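Note sheet for the following structure.
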Amino acid sequence: MKMKNPYKDKRWFKLMSNKYVWVLLFFVVWMFFLDNYSYFDHRFLDNQINELQDNKKYYQVEIKKDQEQIKQLKNPEQIEKYAREKYFMKKDSEDIYIIQFEGDTIQDTKE
């Protein structure tokens, strides 16, 4: 007595027994997960590209700010103002008093 497969006439069985479907399934799995150019590698690389483009924009803005500051520092009065504000420099005949309040962001360098 020969046994008959009860699923042989079902549509999903015919689909799953087709060798082309298996080849296509293998190809899709290979391309998504195992290949050097897989979907996940592309996502990772795209995220890196976006991050680098954001960094590029940030640094271009910083370069423009620095170029403006360099233009201003060509004026001797601006150089003096910058030195006084950033480095607390003074003329020989001047006294400078630095007043610190609680919560100031300037760190005391004597500690």
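We name chains A, B, ... following the order of the structure tokens; residues begin at 1 in each chain, and ligands are numbered from 1 as shown.
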
Task: Residue neighbourhood Phe88 (chain A), 10 Å, only C-alpha atoms, exclusion window fewer than 5 positions, as a list of chain:residue names - done: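 After dropping sequence-adjacent residues, the list is A:Lys81, A:Tyr82, A:Ala83, A:Ile96, A:Tyr97, A:Ile98.
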
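One distance worth recording is that between CA of Leu45 (chain A) and CA of Phe33 (chain A), which is 14.9 Å.
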
Give one line per residue of region 27-107 of chain A that approaches region 19-23 of chain A to at most 12 Å, naming the two atoms of the closest pair and their distance in Å to one decimal, counting only C-alpha atoms; sort by chain then ascending residue number and deliver it as JSON lines.
```
{"residue": "A:Phe27", "atom": "CA", "partner": "A:Val23", "partner_atom": "CA", "distance": 6.1}
{"residue": "A:Val28", "atom": "CA", "partner": "A:Val23", "partner_atom": "CA", "distance": 8.7}
{"residue": "A:Val29", "atom": "CA", "partner": "A:Val23", "partner_atom": "CA", "distance": 10.0}
{"residue": "A:Trp30", "atom": "CA", "partner": "A:Val23", "partner_atom": "CA", "distance": 10.4}
```

Same residues, C-alpha atoms, saved as an mmCIF file, in the first residue's frame:
```cif
data_model
loop_
_atom_site.group_PDB
_atom_site.id
_atom_site.type_symbol
_atom_site.label_atom_id
_atom_site.label_comp_id
_atom_site.auth_asym_id
_atom_site.auth_seq_id
_atom_site.Cartn_x
_atom_site.Cartn_y
_atom_site.Cartn_z
ATOM 1 C CA PHE A 27 19.644 34.607 -2.353
ATOM 2 C CA VAL A 28 17.578 37.042 -0.266
ATOM 3 C CA VAL A 29 18.925 35.682 3.017
ATOM 4 C CA TRP A 30 22.459 35.793 1.665
#
```

Open item on the list: I'd like the neighbourhood of Ser17 (chain A) as a PyMOL selection string, where a residue qualifies if any of its atoms comes within 12 Å (using only C-alpha atoms), though same-chain residues fewer than 6 positions away should be ignored.
Closed with: chain A and resi 7-11+23

- [ ] Pick out each residue of chain A that DSSP on the backbone tags as helix (DSSP H, G or I); I need them as a PyMOL selection string.
- [x] chain A and resi 11-16+19-34+39-72+76-87
